[in-house]
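Colleague: Here's a structure for you.
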Amino acid sequence: MVSTTGAEPRKITINDVASSAGVSRQTVSRALNDKGEIDSDTKQRVLDAARALGYRPSRFARGLVRQDTMTIGLVIPDLLNPFFTEVAAAALEAARSRGWHVVVYDTTDRAEEERGTLQVITSQVDAVIGYFNCSESELESYTRGMPVVLIGREGRSARFSSIRIDGEQGVHAAVAHLVAKGHAHIGMLDHHTRAGPSIRRAWFTAAAAAHGIDAGLVGGADQTADGGGAALRSLLAAHPEVTAVFTFNDIIAIGALREARRLGRTVPRDLAVIGFDGLQLGALVEPPLSSVALDTRRLGALAIEQVARLLAGLDPLEADDLVVHAELHLHGSA
């Protein structure tokens with residue numbers, strides 16, 4: 001929006017963007033619609049100009065969708081991770097029930113891909129939900145005025161809604177179960193985020209301290225089955241006394257199960273394993289995986305419900321209603 005003293009704010013138009021970038025209206029349209037007829041430098045100049053001016057084109061004017069539909073952008077860090085695939089499926093199901101479209105963006109958990117997604121997303125969707133690592137100020141610079149719902153991250157600004165994941169009680173229950181089974185040396189296979197150790201490690205540390213268990217038996221793992229196997233191998237080499245592990249997610253846990261077999265350890269007799277996420281995949285491994293489980297359908301439904309309220313101008317759901325609690329589900333691995 002552009003304003004002058006004593007005048008109503010004027011809506012930024014495609015002509016303003018064209019003038020700022022020094023290109024034609026047609027070039028602006030091609031850049032915003034991600035057409036391939038222009039070179040990358042020109043496209044970037046147009047996107048930068050549109051973002052600096054706060055321009056958001058009307059999708060309806062471009063004829064991309066009918067006026068009785070909405071399109072939601074779902075941004076996830078890794079489509080190869082089954083947890084995010086389940087979240088995406090849940091959001092698609094909830095959106096489909098409203099007759100909405102969902103466009104899924106995979107950032108491959110890389111900062112440059114995240115920024116690239118944000119540069120084009122506002123011209124393609126009516127609202128955004130998903131996972132972001134960038135700062136809130138940077139997120140706001142790309143999504144000016146657009147409804148944004150964060151998943152798994154608490155927004156510090158009232159500008160953003162957040163779907164919070166609370167796994168603390170579930171992790172405490174997991175550690176309490178392992179202690180009750182006689183395990184005195186319980187390790188964790190954690191995944192470090194860009195900001196450092198995960199919140200799940202903090203939950204594990206608190207739970208271990210509550211039972212007088214050493215919370216320092218921690219190995220770092222990539223969010224892959226191979227990463228879980230390598231992390232378990234390193235942890236057991238350094239701490240052979242470990243007889244149980246809690247892992248950052250189920251994929252790491254599945255890798256740990258496989259590595260335990262390679263090391264000649266029977267699960268759960270020689271090594272108990274508990275994951276986090278509650279993936280459907282966990283029921284297909286042997287033994288079936290115990291996990292601190294999240295309701296991914298509720299996660300997706302809450303995100304879509306909050307977006308619907310924001311788009312309709314209704315009161316948003318309160319923070320206490322935007323929490324998905326994780327619960328311990330015990331199966332054969334522990």
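Letters A, B, ... mark the chains of the structure tokens in the order given; residue numbers begin at 1 per chain; ligand numbers begin at 1, in order shown.
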For the interface of region 162-262 of chain A with region 117-131 of chain A (cut-off 12 Å, counting only C-alpha atoms), please tabulate each contacting residue of region 162-262 of chain A alongside its nearest pair of atoms and their separation in Å to one decimal, rows sorted by chain and increasing number, as CSV.

Modeller:
```
residue,atom,partner,partner_atom,distance
A:Ser162,CA,A:Ile129,CA,9.2
A:Ile163,CA,A:Gly130,CA,9.3
A:Arg164,CA,A:Tyr131,CA,11.4
```

Colleague: Using 9 Å as the limit and counting only C-alpha atoms, can you tabulate each residue of region 128-192 of chain A that touches region 41-54 of chain A, with its shortest atom-to-atom distance in Å and the two atoms involved, as CSV?

Modeller:
```
residue,atom,partner,partner_atom,distance
A:Ser141,CA,A:Arg51,CA,7.1
A:Tyr142,CA,A:Arg51,CA,6.3
A:Thr143,CA,A:Gly54,CA,8.6
A:Arg144,CA,A:Gly54,CA,6.5
A:Gly145,CA,A:Gly54,CA,8.9
```

Colleague: Let's have the selection written as a PDB file, in the first residue's frame, with all heavy atoms.

Modeller:
```
ATOM      1  N   SER A 141       8.232 -10.136   5.920  1.00  0.00           N
ATOM      2  CA  SER A 141       8.601  -9.372   4.727  1.00  0.00           C
ATOM      3  C   SER A 141       8.129 -10.041   3.448  1.00  0.00           C
ATOM      4  O   SER A 141       7.898  -9.369   2.437  1.00  0.00           O
ATOM      5  CB  SER A 141      10.122  -9.175   4.686  1.00  0.00           C
ATOM      6  OG  SER A 141      10.800 -10.379   4.345  1.00  0.00           O
ATOM      7  N   TYR A 142       7.971 -11.355   3.482  1.00  0.00           N
ATOM      8  CA  TYR A 142       7.504 -12.083   2.307  1.00  0.00           C
ATOM      9  C   TYR A 142       5.982 -12.249   2.279  1.00  0.00           C
ATOM     10  O   TYR A 142       5.394 -12.331   1.204  1.00  0.00           O
ATOM     11  CB  TYR A 142       8.140 -13.478   2.257  1.00  0.00           C
ATOM     12  CG  TYR A 142       9.599 -13.497   1.895  1.00  0.00           C
ATOM     13  CD1 TYR A 142      10.568 -13.772   2.856  1.00  0.00           C
ATOM     14  CD2 TYR A 142      10.022 -13.272   0.587  1.00  0.00           C
ATOM     15  CE1 TYR A 142      11.918 -13.808   2.526  1.00  0.00           C
ATOM     16  CE2 TYR A 142      11.366 -13.305   0.249  1.00  0.00           C
ATOM     17  CZ  TYR A 142      12.304 -13.573   1.216  1.00  0.00           C
ATOM     18  OH  TYR A 142      13.634 -13.601   0.881  1.00  0.00           O
ATOM     19  N   THR A 143       5.361 -12.336   3.430  1.00  0.00           N
ATOM     20  CA  THR A 143       3.939 -12.702   3.494  1.00  0.00           C
ATOM     21  C   THR A 143       3.079 -11.559   4.027  1.00  0.00           C
ATOM     22  O   THR A 143       2.119 -11.791   4.742  1.00  0.00           O
ATOM     23  CB  THR A 143       3.742 -13.924   4.404  1.00  0.00           C
ATOM     24  OG1 THR A 143       4.172 -13.607   5.738  1.00  0.00           O
ATOM     25  CG2 THR A 143       4.530 -15.117   3.887  1.00  0.00           C
ATOM     26  N   ARG A 144       3.400 -10.351   3.686  1.00  0.00           N
ATOM     27  CA  ARG A 144       2.737  -9.172   4.230  1.00  0.00           C
ATOM     28  C   ARG A 144       1.217  -9.281   4.179  1.00  0.00           C
ATOM     29  O   ARG A 144       0.621  -9.372   3.104  1.00  0.00           O
ATOM     30  CB  ARG A 144       3.165  -7.932   3.448  1.00  0.00           C
ATOM     31  CG  ARG A 144       4.650  -7.632   3.551  1.00  0.00           C
ATOM     32  CD  ARG A 144       4.995  -6.369   2.817  1.00  0.00           C
ATOM     33  NE  ARG A 144       6.426  -6.089   2.864  1.00  0.00           N
ATOM     34  CZ  ARG A 144       6.964  -4.961   2.423  1.00  0.00           C
ATOM     35  NH1 ARG A 144       6.205  -4.016   1.933  1.00  0.00           N
ATOM     36  NH2 ARG A 144       8.264  -4.793   2.494  1.00  0.00           N
ATOM     37  N   GLY A 145       0.613  -9.268   5.370  1.00  0.00           N
ATOM     38  CA  GLY A 145      -0.834  -9.253   5.446  1.00  0.00           C
ATOM     39  C   GLY A 145      -1.515 -10.579   5.190  1.00  0.00           C
ATOM     40  O   GLY A 145      -2.717 -10.710   5.391  1.00  0.00           O
TER      41      GLY A 145
END
```

Colleague: When you look at Ala256 (chain A) with a cut-off of 9 Å (counting only C-alpha atoms), what residues show up, excluding the ones that are within fewer than 5 positions of it in the same chain? I need them as a list of chain:residue names.

Modeller: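 Residues near the query, excluding close chain neighbours: A:Leu189, A:Ala225, A:Asp226, A:Gly227, A:Gly228, A:Gly229, A:Ala230, A:Ala231, A:Leu232, A:Arg233, A:Val245, A:Thr247, A:Ile251, A:Arg261, A:Val273.
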
Colleague: Choose the residue, out of A:Val28, A:Leu80, A:Ile304, A:Val242, that has the smallest atom-to-atom separation from Val148 (chain A); count only C-alpha atoms.

Modeller: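 Ranking A:Val28, A:Leu80, A:Ile304, A:Val242 by distance to Val148 (chain A), first place goes to A:Ile304.
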
Colleague: When DSSP is applied to the backbone of this structure, which of region 81-265 of chain A are assigned alpha helix (DSSP H)? Write them out as a ChimeraX atom specification.

Modeller: /A:82-96,111-121,136-142,168-180,199-210,225-238,250-262

Colleague: Would you pick out the contacts of Asp295 (chain A) at 12 Å or less, using only C-alpha atoms, so that residues sharing its chain but fewer than 5 positions from it are not included, and give the list as a count of residues only?

Modeller: 22

Colleague: Residues of region 158-265 of chain A in strand (DSSP E or B) according to DSSP, as a PyMOL selection string?

Modeller: chain A and resi 161-166+186-190+193+196+218-220+244-247

Colleague: Save out the residues we just selected, all heavy atoms, as a compact mmCIF listing (two decimals), in the first residue's frame.

Modeller:
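See selection-v5.txt below for the written result:
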```txt
# COMPACT_ATOMS: atom_id res chain seq x y z
N SER A 161 -0.18 -17.14 13.82
CA SER A 161 -0.78 -18.19 14.64
C SER A 161 0.18 -19.38 14.68
O SER A 161 0.98 -19.57 13.76
CB SER A 161 -2.11 -18.63 14.06
OG SER A 161 -3.08 -17.60 14.15
N SER A 162 0.09 -20.17 15.73
CA SER A 162 0.99 -21.31 15.88
C SER A 162 0.24 -22.55 16.34
O SER A 162 -0.59 -22.47 17.25
CB SER A 162 2.09 -21.00 16.92
OG SER A 162 2.83 -19.86 16.56
N ILE A 163 0.54 -23.68 15.70
CA ILE A 163 0.09 -24.98 16.18
C ILE A 163 1.25 -25.56 16.98
O ILE A 163 2.30 -25.89 16.42
CB ILE A 163 -0.29 -25.94 15.03
CG1 ILE A 163 -1.23 -25.25 14.04
CG2 ILE A 163 -0.90 -27.22 15.60
CD1 ILE A 163 -2.57 -24.89 14.60
N ARG A 164 1.07 -25.66 18.28
CA ARG A 164 2.17 -26.08 19.15
C ARG A 164 2.10 -27.59 19.40
O ARG A 164 1.03 -28.14 19.62
CB ARG A 164 2.11 -25.32 20.48
CG ARG A 164 3.29 -25.58 21.39
CD ARG A 164 3.35 -24.54 22.50
NE ARG A 164 2.16 -24.57 23.35
CZ ARG A 164 2.03 -25.33 24.43
NH1 ARG A 164 3.03 -26.17 24.77
NH2 ARG A 164 0.96 -25.29 25.15
N ILE A 165 3.25 -28.23 19.39
CA ILE A 165 3.36 -29.66 19.71
C ILE A 165 3.90 -29.79 21.13
O ILE A 165 4.99 -29.29 21.44
CB ILE A 165 4.29 -30.37 18.71
CG1 ILE A 165 3.64 -30.39 17.33
CG2 ILE A 165 4.60 -31.79 19.18
CD1 ILE A 165 4.54 -30.91 16.23
N ASP A 166 3.13 -30.43 22.00
CA ASP A 166 3.53 -30.61 23.39
C ASP A 166 3.78 -32.10 23.63
O ASP A 166 2.85 -32.89 23.79
CB ASP A 166 2.44 -30.10 24.33
CG ASP A 166 2.86 -30.20 25.79
OD1 ASP A 166 4.00 -30.64 26.05
OD2 ASP A 166 2.05 -29.85 26.66
N ILE A 186 19.75 -45.06 30.17
CA ILE A 186 18.87 -44.76 29.03
C ILE A 186 19.51 -43.66 28.19
O ILE A 186 19.83 -42.58 28.70
CB ILE A 186 17.48 -44.31 29.51
CG1 ILE A 186 16.86 -45.37 30.42
CG2 ILE A 186 16.57 -44.01 28.33
CD1 ILE A 186 15.59 -44.91 31.12
N GLY A 187 19.71 -43.95 26.92
CA GLY A 187 20.31 -42.96 26.03
C GLY A 187 19.27 -42.28 25.16
O GLY A 187 18.10 -42.67 25.12
N MET A 188 19.71 -41.23 24.46
CA MET A 188 18.85 -40.56 23.50
C MET A 188 19.63 -40.34 22.21
O MET A 188 20.82 -39.99 22.24
CB MET A 188 18.35 -39.22 24.01
CG MET A 188 17.44 -38.52 23.00
SD MET A 188 16.87 -36.88 23.48
CE MET A 188 15.93 -36.46 21.98
N LEU A 189 18.94 -40.54 21.10
CA LEU A 189 19.49 -40.21 19.78
C LEU A 189 18.75 -38.96 19.32
O LEU A 189 17.59 -39.00 18.93
CB LEU A 189 19.29 -41.37 18.80
CG LEU A 189 19.85 -42.72 19.25
CD1 LEU A 189 19.62 -43.77 18.15
CD2 LEU A 189 21.33 -42.61 19.59
N ASP A 190 19.44 -37.83 19.40
CA ASP A 190 18.81 -36.53 19.12
C ASP A 190 19.18 -36.04 17.73
O ASP A 190 20.19 -36.46 17.15
CB ASP A 190 19.27 -35.51 20.17
CG ASP A 190 18.52 -34.19 20.09
OD1 ASP A 190 17.34 -34.21 19.67
OD2 ASP A 190 19.10 -33.15 20.46
N THR A 193 18.80 -29.20 15.61
CA THR A 193 18.24 -28.25 14.65
C THR A 193 19.29 -27.18 14.37
O THR A 193 20.39 -27.18 14.93
CB THR A 193 16.98 -27.59 15.22
OG1 THR A 193 17.35 -26.79 16.37
CG2 THR A 193 15.97 -28.65 15.66
N GLY A 196 20.37 -25.61 17.50
CA GLY A 196 21.05 -26.40 18.52
C GLY A 196 20.24 -27.62 18.92
O GLY A 196 19.41 -28.11 18.15
N VAL A 218 23.82 -39.10 25.17
CA VAL A 218 23.13 -38.59 23.99
C VAL A 218 24.03 -38.68 22.77
O VAL A 218 25.21 -38.31 22.82
CB VAL A 218 22.67 -37.13 24.20
CG1 VAL A 218 21.99 -36.59 22.93
CG2 VAL A 218 21.72 -37.03 25.39
N GLY A 219 23.46 -39.16 21.67
CA GLY A 219 24.16 -39.19 20.40
C GLY A 219 23.41 -38.35 19.39
O GLY A 219 22.20 -38.19 19.48
N GLY A 220 24.14 -37.78 18.43
CA GLY A 220 23.51 -36.97 17.39
C GLY A 220 23.22 -37.80 16.17
O GLY A 220 24.04 -38.64 15.76
N ALA A 244 18.60 -48.99 26.79
CA ALA A 244 17.37 -48.44 26.22
C ALA A 244 17.69 -47.10 25.59
O ALA A 244 18.56 -46.36 26.07
CB ALA A 244 16.29 -48.28 27.29
N VAL A 245 16.98 -46.78 24.51
CA VAL A 245 17.17 -45.48 23.87
C VAL A 245 15.82 -44.87 23.53
O VAL A 245 14.87 -45.56 23.13
CB VAL A 245 18.04 -45.54 22.59
CG1 VAL A 245 19.48 -45.87 22.93
CG2 VAL A 245 17.47 -46.53 21.59
N PHE A 246 15.75 -43.56 23.69
CA PHE A 246 14.64 -42.75 23.20
C PHE A 246 15.19 -41.95 22.03
O PHE A 246 16.30 -41.42 22.11
CB PHE A 246 14.12 -41.82 24.30
CG PHE A 246 13.23 -40.71 23.79
CD1 PHE A 246 11.97 -40.99 23.28
CD2 PHE A 246 13.67 -39.39 23.81
CE1 PHE A 246 11.16 -39.97 22.79
CE2 PHE A 246 12.86 -38.37 23.34
CZ PHE A 246 11.61 -38.66 22.83
N THR A 247 14.44 -41.85 20.95
CA THR A 247 14.97 -41.19 19.75
C THR A 247 14.14 -39.97 19.36
O THR A 247 12.95 -39.87 19.67
CB THR A 247 15.01 -42.16 18.55
OG1 THR A 247 13.68 -42.48 18.15
CG2 THR A 247 15.77 -43.42 18.91
```

Colleague: When distances are computed from only C-alpha atoms, which of A:Leu74, A:Ile12, A:Leu235, A:Ser29 shows the smallest separation from Leu150 (chain A)?

Modeller: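 The closest residue to Leu150 (chain A) is A:Leu74.
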
Colleague: Just the number, please: distance in Å from CA of Leu236 (chain A) to CA of Ala272 (chain A), one decimal.

Modeller: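 That distance, rounded to one decimal, is 12.9 Å.
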